[in-house]
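To be precise, the following lines are protein.cif, and they hold mmCIF, C-alpha atoms.
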data_target
loop_
_atom_site.label_atom_id
_atom_site.label_comp_id
_atom_site.auth_asym_id
_atom_site.auth_seq_id
_atom_site.Cartn_x
_atom_site.Cartn_y
_atom_site.Cartn_z
CA MET A 1 -1.56 -4.44 47.86
CA THR A 2 -1.55 -7.91 46.35
CA LYS A 3 1.25 -10.42 46.17
CA THR A 4 -0.12 -12.03 43.02
CA ASN A 5 0.71 -10.97 39.48
CA PRO A 6 -2.33 -9.74 37.52
CA GLY A 7 -0.16 -9.16 34.45
CA ASN A 8 0.64 -5.88 32.75
CA PHE A 9 -1.95 -3.85 30.89
CA PHE A 10 -1.26 -1.50 28.00
CA GLU A 11 -0.92 1.51 30.33
CA ASP A 12 1.90 -0.22 32.24
CA TYR A 13 4.39 -0.14 29.36
CA ARG A 14 6.77 2.58 28.22
CA VAL A 15 9.16 2.64 25.30
CA GLY A 16 12.65 1.69 26.43
CA GLN A 17 11.38 -0.35 29.38
CA ILE A 18 13.48 -3.44 30.16
CA LEU A 19 11.70 -6.55 31.43
CA HIS A 20 13.74 -9.25 33.16
CA HIS A 21 11.56 -12.35 32.94
CA ALA A 22 11.35 -14.81 35.81
CA THR A 23 12.15 -18.53 36.02
CA PRO A 24 15.23 -19.64 34.10
CA ARG A 25 14.64 -23.00 32.44
CA THR A 26 17.14 -25.86 32.19
CA LEU A 27 16.44 -27.97 29.12
CA THR A 28 16.41 -31.73 29.66
CA GLU A 29 16.28 -34.90 27.60
CA GLY A 30 12.71 -35.21 28.86
CA ASP A 31 11.77 -31.88 27.25
CA VAL A 32 13.18 -33.08 23.94
CA GLY A 33 11.33 -36.40 24.14
CA LEU A 34 8.05 -34.71 25.06
CA TYR A 35 8.41 -32.16 22.26
CA MET A 36 8.98 -34.93 19.73
CA SER A 37 5.99 -36.89 21.03
CA LEU A 38 3.73 -33.84 20.67
CA TYR A 39 4.68 -32.91 17.10
CA GLY A 40 6.65 -35.82 15.62
CA PRO A 41 9.42 -33.83 13.87
CA ARG A 42 11.74 -36.15 11.92
CA PHE A 43 14.76 -34.06 10.96
CA ALA A 44 17.74 -36.37 11.37
CA VAL A 45 20.08 -33.80 12.95
CA GLN A 46 17.71 -33.28 15.90
CA SER A 47 16.67 -36.94 16.08
CA ALA A 48 19.96 -38.86 16.36
CA ASP A 49 23.16 -38.02 18.23
CA THR A 50 25.03 -40.36 15.88
CA PHE A 51 23.85 -38.45 12.80
CA ALA A 52 24.58 -35.06 14.39
CA ARG A 53 28.08 -36.07 15.51
CA SER A 54 28.93 -37.49 12.09
CA ILE A 55 28.42 -34.13 10.40
CA GLY A 56 30.06 -31.89 13.00
CA TYR A 57 27.81 -31.29 16.01
CA PRO A 58 28.90 -32.47 19.49
CA ARG A 59 25.47 -34.11 19.78
CA SER A 60 21.90 -33.47 18.60
CA PRO A 61 20.92 -29.86 19.22
CA VAL A 62 17.56 -29.05 20.74
CA ASP A 63 14.89 -28.47 18.08
CA ASP A 64 14.98 -24.81 17.06
CA LEU A 65 11.31 -24.30 17.87
CA LEU A 66 11.57 -25.91 21.31
CA LEU A 67 14.29 -23.34 21.98
CA PHE A 68 12.06 -20.58 20.61
CA HIS A 69 9.01 -21.61 22.64
CA VAL A 70 10.93 -21.84 25.92
CA VAL A 71 12.45 -18.38 25.40
CA PHE A 72 9.03 -17.05 24.36
CA GLY A 73 7.27 -18.68 27.33
CA LYS A 74 9.38 -16.70 29.79
CA THR A 75 7.94 -13.47 28.38
CA VAL A 76 4.25 -14.29 28.73
CA PRO A 77 3.62 -13.27 32.38
CA ASP A 78 5.06 -9.82 31.71
CA ILE A 79 3.96 -9.18 28.13
CA SER A 80 0.95 -11.21 27.08
CA LEU A 81 -0.88 -12.36 30.21
CA ASN A 82 -3.61 -9.86 29.32
CA ALA A 83 -3.20 -10.19 25.58
CA ILE A 84 -6.02 -10.69 23.13
CA ALA A 85 -3.76 -11.90 20.34
CA ASN A 86 -0.12 -12.27 19.39
CA LEU A 87 0.02 -10.40 16.09
CA GLY A 88 3.36 -11.05 14.45
CA TYR A 89 7.10 -11.66 14.48
CA ALA A 90 10.14 -10.13 12.79
CA GLU A 91 13.95 -10.07 12.90
CA GLY A 92 14.23 -13.45 14.58
CA ARG A 93 17.73 -15.00 14.57
CA PHE A 94 18.95 -18.30 16.00
CA LEU A 95 22.51 -17.47 16.99
CA LYS A 96 23.79 -20.49 18.93
CA PRO A 97 22.60 -24.09 19.28
CA ALA A 98 21.15 -25.28 22.58
CA TYR A 99 21.61 -28.73 24.09
CA PRO A 100 20.04 -30.62 26.99
CA GLY A 101 21.63 -29.24 30.15
CA ASP A 102 21.65 -25.65 28.92
CA THR A 103 19.72 -23.10 31.00
CA LEU A 104 17.75 -20.43 29.17
CA SER A 105 16.60 -17.02 30.41
CA THR A 106 14.96 -14.10 28.64
CA VAL A 107 15.05 -10.30 28.75
CA SER A 108 12.75 -8.05 26.68
CA GLU A 109 12.81 -4.38 25.71
CA VAL A 110 9.67 -2.45 24.83
CA ILE A 111 10.42 -0.89 21.43
CA GLY A 112 7.00 0.48 20.48
CA LEU A 113 3.48 1.30 21.68
CA LYS A 114 0.32 2.25 19.84
CA GLU A 115 -3.20 2.54 21.24
CA ASN A 116 -5.89 1.02 19.03
CA SER A 117 -8.80 3.09 17.77
CA ASN A 118 -11.30 1.37 20.10
CA ARG A 119 -9.28 2.72 23.06
CA GLU A 120 -9.83 -0.62 24.80
CA THR A 121 -6.58 -2.19 23.63
CA GLY A 122 -3.15 -1.29 22.35
CA THR A 123 -0.30 -2.90 20.48
CA VAL A 124 2.94 -3.49 22.37
CA TYR A 125 6.15 -4.10 20.41
CA VAL A 126 9.00 -5.89 22.16
CA ARG A 127 12.40 -7.30 21.32
CA SER A 128 13.19 -10.42 23.33
CA THR A 129 16.63 -11.96 23.83
CA GLY A 130 17.26 -15.48 25.08
CA ARG A 131 20.61 -16.34 26.67
CA ASN A 132 22.19 -19.52 27.94
CA GLN A 133 23.89 -20.09 31.29
CA ASN A 134 27.08 -18.47 29.97
CA GLY A 135 25.30 -15.28 29.02
CA GLU A 136 25.61 -16.08 25.31
CA VAL A 137 22.72 -14.98 23.11
CA VAL A 138 21.07 -18.04 21.57
CA LEU A 139 18.00 -16.34 20.10
CA GLU A 140 16.58 -12.88 19.54
CA TYR A 141 13.36 -11.76 17.91
CA ALA A 142 10.80 -8.96 17.80
CA ARG A 143 7.07 -9.48 18.19
CA TRP A 144 3.98 -7.36 18.63
CA VAL A 145 0.94 -8.22 20.66
CA MET A 146 -2.49 -6.72 21.27
CA VAL A 147 -2.95 -6.08 25.00
CA ARG A 148 -6.03 -4.98 26.94
CA LYS A 149 -6.15 -1.62 28.68
CA ARG A 150 -6.97 -1.51 32.34
CA ASP A 151 -9.06 1.63 31.88
CA LYS A 152 -10.47 2.75 28.55
CA ALA A 153 -10.36 6.37 29.71
CA SER A 154 -6.66 6.36 30.53
CA PRO A 155 -4.60 8.63 28.24
CA ALA A 156 -2.74 7.06 25.37
CA PRO A 157 1.05 7.31 25.18
CA GLU A 158 2.63 8.91 22.15
CA ALA A 159 2.47 6.33 19.36
CA VAL A 160 5.82 4.76 18.53
CA VAL A 161 5.83 2.09 15.81
CA PRO A 162 9.30 0.64 15.27
CA LYS A 163 10.61 0.13 11.75
CA LEU A 164 11.35 -3.58 11.50
CA SER A 165 13.12 -5.26 8.61
CA ASP A 166 11.03 -7.55 6.43
CA ARG A 167 14.02 -9.84 5.89
CA VAL A 168 17.04 -10.93 7.91
CA ASP A 169 20.19 -10.49 5.81
CA PRO A 170 21.76 -13.87 4.94
CA LYS A 171 25.14 -12.58 6.11
CA ASP A 172 23.69 -12.47 9.62
CA ILE A 173 22.49 -16.09 9.79
CA GLY A 174 24.07 -19.52 10.18
CA GLY A 175 25.90 -18.96 13.46
CA ALA A 176 24.01 -21.78 15.16
CA VAL A 177 25.34 -24.38 12.70
CA PRO A 178 28.92 -25.70 12.88
CA LEU A 179 30.85 -26.41 9.71
CA ILE A 180 29.05 -29.41 8.20
CA ASP A 181 30.93 -32.41 6.82
CA GLY A 182 28.96 -32.90 3.61
CA LYS A 183 30.64 -36.23 2.82
CA ALA A 184 29.34 -37.67 6.09
CA TYR A 185 25.78 -36.41 5.56
CA ASP A 186 23.76 -39.58 4.89
CA TYR A 187 20.82 -38.70 2.64
CA ASP A 188 19.27 -42.14 3.04
CA LEU A 189 19.07 -41.65 6.80
CA ALA A 190 17.88 -38.07 6.33
CA GLY A 191 14.98 -39.35 4.23
CA ALA A 192 15.48 -37.65 0.86
CA PRO A 193 18.30 -36.73 -1.57
CA TYR A 194 17.35 -33.09 -2.15
CA ARG A 195 20.01 -30.50 -1.37
CA TRP A 196 20.01 -26.71 -1.47
CA GLY A 197 20.67 -26.66 -5.20
CA ASP A 198 17.67 -28.86 -5.96
CA TYR A 199 15.15 -26.17 -4.95
CA GLN A 200 14.13 -23.29 -7.19
CA VAL A 201 12.69 -19.87 -6.40
CA GLY A 202 8.94 -19.97 -6.95
CA GLU A 203 8.70 -23.69 -6.29
CA ARG A 204 5.70 -24.73 -4.19
CA ILE A 205 5.59 -27.90 -2.11
CA ASP A 206 2.47 -29.49 -0.71
CA HIS A 207 3.63 -31.29 2.42
CA VAL A 208 0.71 -33.70 1.96
CA ASP A 209 0.25 -34.97 5.51
CA GLY A 210 -2.28 -33.66 8.02
CA MET A 211 -2.26 -33.69 11.81
CA THR A 212 -5.34 -33.41 14.03
CA LEU A 213 -4.70 -31.57 17.28
CA GLU A 214 -6.21 -32.93 20.48
CA GLU A 215 -7.18 -30.85 23.52
CA ALA A 216 -4.66 -32.52 25.80
CA GLU A 217 -1.83 -32.04 23.30
CA HIS A 218 -2.01 -28.27 23.07
CA GLN A 219 -2.48 -27.97 26.83
CA ILE A 220 0.60 -30.13 27.53
CA ALA A 221 2.65 -28.30 24.90
CA THR A 222 1.86 -24.87 26.31
CA ARG A 223 2.63 -25.98 29.85
CA LEU A 224 5.93 -27.42 28.61
CA TYR A 225 6.95 -23.88 27.67
CA GLN A 226 5.57 -22.41 30.94
CA ASN A 227 3.31 -20.17 28.88
CA THR A 228 0.67 -18.87 31.30
CA ALA A 229 -1.60 -16.90 28.94
CA LYS A 230 -5.15 -17.42 30.20
CA VAL A 231 -6.63 -17.61 26.68
CA HIS A 232 -4.92 -20.98 26.30
CA PHE A 233 -5.80 -22.51 29.67
CA ASN A 234 -8.82 -21.13 31.44
CA GLN A 235 -12.03 -22.52 29.97
CA HIS A 236 -14.03 -20.91 32.80
CA THR A 237 -13.12 -17.44 31.55
CA GLU A 238 -12.80 -18.25 27.85
CA ALA A 239 -16.31 -19.71 27.75
CA LYS A 240 -17.45 -16.09 28.11
CA GLY A 241 -15.04 -14.81 25.47
CA ARG A 242 -15.45 -14.20 21.76
CA PHE A 243 -14.86 -17.84 20.77
CA GLY A 244 -16.40 -19.60 23.76
CA LYS A 245 -13.37 -21.86 24.15
CA ARG A 246 -9.62 -21.85 24.61
CA ILE A 247 -7.41 -20.71 21.75
CA VAL A 248 -4.42 -22.86 20.87
CA TYR A 249 -1.07 -21.15 21.48
CA GLY A 250 0.25 -19.96 18.12
CA GLY A 251 3.55 -21.69 18.71
CA VAL A 252 1.75 -25.02 18.55
CA THR A 253 0.58 -24.13 15.04
CA ILE A 254 4.14 -23.21 14.04
CA SER A 255 5.55 -26.48 15.41
CA LEU A 256 2.87 -28.56 13.69
CA ALA A 257 3.53 -26.85 10.35
CA ARG A 258 7.28 -27.22 10.74
CA ALA A 259 6.95 -30.93 11.54
CA LEU A 260 4.71 -31.44 8.52
CA SER A 261 7.21 -29.63 6.29
CA PHE A 262 9.66 -32.53 6.69
CA ASN A 263 7.83 -34.29 3.87
CA GLY A 264 9.28 -32.37 0.94
CA MET A 265 12.00 -30.46 2.80
CA ASN A 266 13.65 -33.35 4.68
CA ASN A 267 17.11 -31.79 4.68
CA ALA A 268 16.06 -28.29 5.79
CA PHE A 269 17.36 -29.25 9.22
CA HIS A 270 17.75 -25.78 10.74
CA ILE A 271 15.60 -22.67 11.03
CA ALA A 272 18.17 -19.90 10.89
CA ALA A 273 15.86 -16.89 11.04
CA ILE A 274 12.26 -15.76 11.27
CA ASN A 275 11.84 -12.90 8.81
CA GLY A 276 8.21 -12.35 9.63
CA GLY A 277 5.09 -14.14 10.65
CA ARG A 278 1.40 -13.74 11.27
CA HIS A 279 -1.19 -15.86 13.02
CA VAL A 280 -3.97 -15.31 10.53
CA ALA A 281 -6.78 -17.14 12.32
CA PRO A 282 -7.16 -19.16 15.53
CA LEU A 283 -6.62 -22.90 15.84
CA PHE A 284 -8.78 -25.00 18.16
CA ALA A 285 -8.60 -28.52 19.52
CA GLY A 286 -10.11 -30.94 17.03
CA ASP A 287 -8.88 -29.02 13.97
CA THR A 288 -6.64 -30.77 11.44
CA VAL A 289 -3.55 -28.90 10.25
CA TYR A 290 -1.96 -29.15 6.78
CA ALA A 291 0.97 -27.14 5.41
CA TRP A 292 2.68 -26.05 2.23
CA SER A 293 5.84 -24.10 1.43
CA GLU A 294 6.98 -21.71 -1.28
CA VAL A 295 10.64 -20.96 -1.99
CA LEU A 296 10.95 -17.17 -2.01
CA GLU A 297 14.71 -16.73 -2.28
CA LYS A 298 17.99 -18.66 -2.34
CA ALA A 299 21.18 -17.36 -0.76
CA GLU A 300 24.75 -18.45 -0.23
CA LEU A 301 26.21 -17.74 3.19
CA PRO A 302 29.41 -15.67 3.20
CA GLY A 303 32.48 -17.84 3.76
CA ARG A 304 30.54 -21.11 3.73
CA THR A 305 30.25 -23.77 1.06
CA ASP A 306 28.79 -26.50 3.30
CA VAL A 307 25.23 -25.15 3.61
CA GLY A 308 22.94 -22.79 1.72
CA ALA A 309 19.88 -20.83 2.79
CA LEU A 310 16.35 -20.99 1.43
CA ARG A 311 13.90 -18.27 2.30
CA THR A 312 10.54 -20.00 2.42
CA ARG A 313 6.96 -19.08 3.12
CA LEU A 314 5.45 -21.76 5.37
CA VAL A 315 1.66 -21.67 5.27
CA ALA A 316 -0.59 -23.69 7.57
CA VAL A 317 -4.26 -24.32 6.87
CA LYS A 318 -6.91 -26.07 8.90
CA ASN A 319 -9.55 -28.62 7.97
CA GLN A 320 -8.61 -28.70 4.27
CA ASP A 321 -5.64 -30.15 2.46
CA ALA A 322 -3.00 -27.90 0.93
CA SER A 323 -3.00 -29.34 -2.58
CA THR A 324 -4.37 -26.09 -4.04
CA PHE A 325 -1.89 -23.99 -2.05
CA PRO A 326 -4.51 -21.81 -0.30
CA PHE A 327 -3.11 -18.41 0.63
CA LYS A 328 -4.79 -15.16 -0.41
CA THR A 329 -7.83 -14.18 -2.45
CA GLU A 330 -7.73 -11.91 -5.49
CA GLY A 331 -8.68 -9.06 -3.17
CA GLY A 332 -5.59 -9.65 -1.02
CA ALA A 333 -7.34 -11.12 2.02
CA TYR A 334 -6.23 -14.43 3.42
CA ALA A 335 -8.24 -17.36 2.11
CA ASP A 336 -10.60 -19.26 4.38
CA GLY A 337 -8.77 -21.86 6.39
CA VAL A 338 -5.34 -20.19 6.39
CA ILE A 339 -4.09 -19.97 9.97
CA LEU A 340 -0.36 -19.22 9.66
CA ASP A 341 1.83 -17.21 7.29
CA LEU A 342 5.48 -17.64 8.33
CA ASP A 343 8.50 -16.30 6.44
CA ILE A 344 11.70 -18.12 7.47
CA TRP A 345 15.28 -18.85 6.41
CA VAL A 346 16.13 -22.57 6.56
CA LEU A 347 19.54 -24.15 5.95
CA LEU A 348 20.26 -27.24 3.84
CA PRO A 349 23.45 -29.05 2.84
CA ARG A 350 24.96 -27.97 -0.50
#

Exercise: express the given structure as structure tokens:
Amino acid sequence: MTKTNPGNFFEDYRVGQILHHATPRTLTEGDVGLYMSLYGPRFAVQSADTFARSIGYPRSPVDDLLLFHVVFGKTVPDISLNAIANLGYAEGRFLKPAYPGDTLSTVSEVIGLKENSNRETGTVYVRSTGRNQNGEVVLEYARWVMVRKRDKASPAPEAVVPKLSDRVDPKDIGGAVPLIDGKAYDYDLAGAPYRWGDYQVGERIDHVDGMTLEEAEHQIATRLYQNTAKVHFNQHTEAKGRFGKRIVYGGVTISLARALSFNGMNNAFHIAAINGGRHVAPLFAGDTVYAWSEVLEKAELPGRTDVGALRTRLVAVKNQDASTFPFKTEGGAYADGVILDLDIWVLLPR
């Protein structure tokens, strides 16, 4: 018997299993300040209480991705402590805003299992739900992760691969945004005049700027979310792994790309949903991240004329600029340098 937690292996999961994750987390002003210092996001709604109050919020909400990472971080000791890679996301919805002082906790359900052909690993599908101190759901999402087996010879469970939607319906998004006072929305302070109607389907935007990630930054960021995955922290073990060094937590890549997207999508102040996402290749300390976006779809929200939704593909690349919009080769494989392919709904004033 051991009192320590070695983490779950693929054999430890069963479809329908409910995991109540430890350590509720109260968000503080310090968390918000540290998050902004790590990534430098500049969206006015999350940056200034005065701006947020003027358009209808009680104060600045916590950045959507800080909320996501904290909810995600709760799940790591039970789901991905023995993971090789986090493979993808789907059906993510931000349902209520969070503010400093709110306490977040997470529960996950195992919704699928499939052993990989090498019999050394398997894919675990989970749906995670984050709630605040009042029990209100603030965020829910599905993800799938490749997890090591404890014993290669152990029998495989019956394969169950859940059918996940490739797109969140626009009628199911927007709940985390109060009715916006468009007349009070100051486009000078927001940094650009472009509203929902100024973007067109098929439009591509090079976000121009690049950000080099330092070793200390990704370590601090991952600790901020209480993410304990050893592939991000333990150089002693990772020196013997396939890369010989620690892998940057994929959420860091997402936050860097989102922060970079401000230049060109200044008024896309809220991520309403994550339709899908894939970490295409690893990011390491010392790499420089660039990003570009493509508008995939435009949608009005039922009953709302204050904001509209853009479905965008946010692509991050490393160690090359995004001026040529690198994505996939003619053969369908991801191009060299692409590290993130994220399909999201963002909201803008109309």

Explicit residues for the PyMOL selection byres ((chain A and resi 148-162) around 8) (as a ChimeraX atom specification): /A:9-11,15,82-84,111-115,119-122,125,146-147,163-164

Once the PyMOL selection byres ((chain A and resi 301-304) around 10) is applied to the coordinates I shared, what remains selected? I want it as a list in words.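 Taken over the shown coordinates, the PyMOL selection byres ((chain A and resi 301-304) around 10) returns Asp169, Pro170, Lys171, Asp172, Ile173, Gly174, Leu179, Ile180, Lys298, Ala299, Glu300, Thr305, Asp306, Val307, Gly308, Ala309, Leu347 and Arg350 of chain A.
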
Export C-alpha atoms of the chosen residues as a PDB file, in the frame of the given file?
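The resulting file, out.pdb, is reproduced below:
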ATOM      1  CA  ASP A 169      20.190 -10.490   5.810  1.00  0.00           C
ATOM      2  CA  PRO A 170      21.760 -13.870   4.940  1.00  0.00           C
ATOM      3  CA  LYS A 171      25.140 -12.580   6.110  1.00  0.00           C
ATOM      4  CA  ASP A 172      23.690 -12.470   9.620  1.00  0.00           C
ATOM      5  CA  ILE A 173      22.490 -16.090   9.790  1.00  0.00           C
ATOM      6  CA  GLY A 174      24.070 -19.520  10.180  1.00  0.00           C
ATOM      7  CA  LEU A 179      30.850 -26.410   9.710  1.00  0.00           C
ATOM      8  CA  ILE A 180      29.050 -29.410   8.200  1.00  0.00           C
ATOM      9  CA  LYS A 298      17.990 -18.660  -2.340  1.00  0.00           C
ATOM     10  CA  ALA A 299      21.180 -17.360  -0.760  1.00  0.00           C
ATOM     11  CA  GLU A 300      24.750 -18.450  -0.230  1.00  0.00           C
ATOM     12  CA  THR A 305      30.250 -23.770   1.060  1.00  0.00           C
ATOM     13  CA  ASP A 306      28.790 -26.500   3.300  1.00  0.00           C
ATOM     14  CA  VAL A 307      25.230 -25.150   3.610  1.00  0.00           C
ATOM     15  CA  GLY A 308      22.940 -22.790   1.720  1.00  0.00           C
ATOM     16  CA  ALA A 309      19.880 -20.830   2.790  1.00  0.00           C
ATOM     17  CA  LEU A 347      19.540 -24.150   5.950  1.00  0.00           C
ATOM     18  CA  ARG A 350      24.960 -27.970  -0.500  1.00  0.00           C
TER      19      ARG A 350
END

Could you list, as a PyMOL selection string, every residue within 12 Å of A:Leu104, counting all atoms listed in the file and ignoring same-chain residues fewer than 3 positions away? chain A and resi 21-28+66-74+96-101+107+129-139+225

Got time to write the residues from that selection, C-alpha atoms, as a PDB file, in the coordinates of the input?
ATOM      1  CA  HIS A  21      11.560 -12.350  32.940  1.00  0.00           C
ATOM      2  CA  ALA A  22      11.350 -14.810  35.810  1.00  0.00           C
ATOM      3  CA  THR A  23      12.150 -18.530  36.020  1.00  0.00           C
ATOM      4  CA  PRO A  24      15.230 -19.640  34.100  1.00  0.00           C
ATOM      5  CA  ARG A  25      14.640 -23.000  32.440  1.00  0.00           C
ATOM      6  CA  THR A  26      17.140 -25.860  32.190  1.00  0.00           C
ATOM      7  CA  LEU A  27      16.440 -27.970  29.120  1.00  0.00           C
ATOM      8  CA  THR A  28      16.410 -31.730  29.660  1.00  0.00           C
ATOM      9  CA  LEU A  66      11.570 -25.910  21.310  1.00  0.00           C
ATOM     10  CA  LEU A  67      14.290 -23.340  21.980  1.00  0.00           C
ATOM     11  CA  PHE A  68      12.060 -20.580  20.610  1.00  0.00           C
ATOM     12  CA  HIS A  69       9.010 -21.610  22.640  1.00  0.00           C
ATOM     13  CA  VAL A  70      10.930 -21.840  25.920  1.00  0.00           C
ATOM     14  CA  VAL A  71      12.450 -18.380  25.400  1.00  0.00           C
ATOM     15  CA  PHE A  72       9.030 -17.050  24.360  1.00  0.00           C
ATOM     16  CA  GLY A  73       7.270 -18.680  27.330  1.00  0.00           C
ATOM     17  CA  LYS A  74       9.380 -16.700  29.790  1.00  0.00           C
ATOM     18  CA  LYS A  96      23.790 -20.490  18.930  1.00  0.00           C
ATOM     19  CA  PRO A  97      22.600 -24.090  19.280  1.00  0.00           C
ATOM     20  CA  ALA A  98      21.150 -25.280  22.580  1.00  0.00           C
ATOM     21  CA  TYR A  99      21.610 -28.730  24.090  1.00  0.00           C
ATOM     22  CA  PRO A 100      20.040 -30.620  26.990  1.00  0.00           C
ATOM     23  CA  GLY A 101      21.630 -29.240  30.150  1.00  0.00           C
ATOM     24  CA  VAL A 107      15.050 -10.300  28.750  1.00  0.00           C
ATOM     25  CA  THR A 129      16.630 -11.960  23.830  1.00  0.00           C
ATOM     26  CA  GLY A 130      17.260 -15.480  25.080  1.00  0.00           C
ATOM     27  CA  ARG A 131      20.610 -16.340  26.670  1.00  0.00           C
ATOM     28  CA  ASN A 132      22.190 -19.520  27.940  1.00  0.00           C
ATOM     29  CA  GLN A 133      23.890 -20.090  31.290  1.00  0.00           C
ATOM     30  CA  ASN A 134      27.080 -18.470  29.970  1.00  0.00           C
ATOM     31  CA  GLY A 135      25.300 -15.280  29.020  1.00  0.00           C
ATOM     32  CA  GLU A 136      25.610 -16.080  25.310  1.00  0.00           C
ATOM     33  CA  VAL A 137      22.720 -14.980  23.110  1.00  0.00           C
ATOM     34  CA  VAL A 138      21.070 -18.040  21.570  1.00  0.00           C
ATOM     35  CA  LEU A 139      18.000 -16.340  20.100  1.00  0.00           C
ATOM     36  CA  TYR A 225       6.950 -23.880  27.670  1.00  0.00           C
TER      37      TYR A 225
END

A:Val168, A:Ile79, A:Ala142, A:Ala316 ranked by distance to A:Ile344, top pick (using all atoms listed in the file): A:Val168

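Residues in contact range of A:Ser54, defined as at most 12 Å between all atoms listed in the file, with sequence neighbours fewer than 2 positions away removed, read Ala44, Val45, Ala48, Asp49, Thr50, Phe51, Ala52, Gly56, Tyr57, Pro58, Arg59, Ser60, Pro178, Leu179, Ile180, Asp181, Gly182, Lys183, Ala184, Tyr185, Asp186 and Leu189 of chain A.
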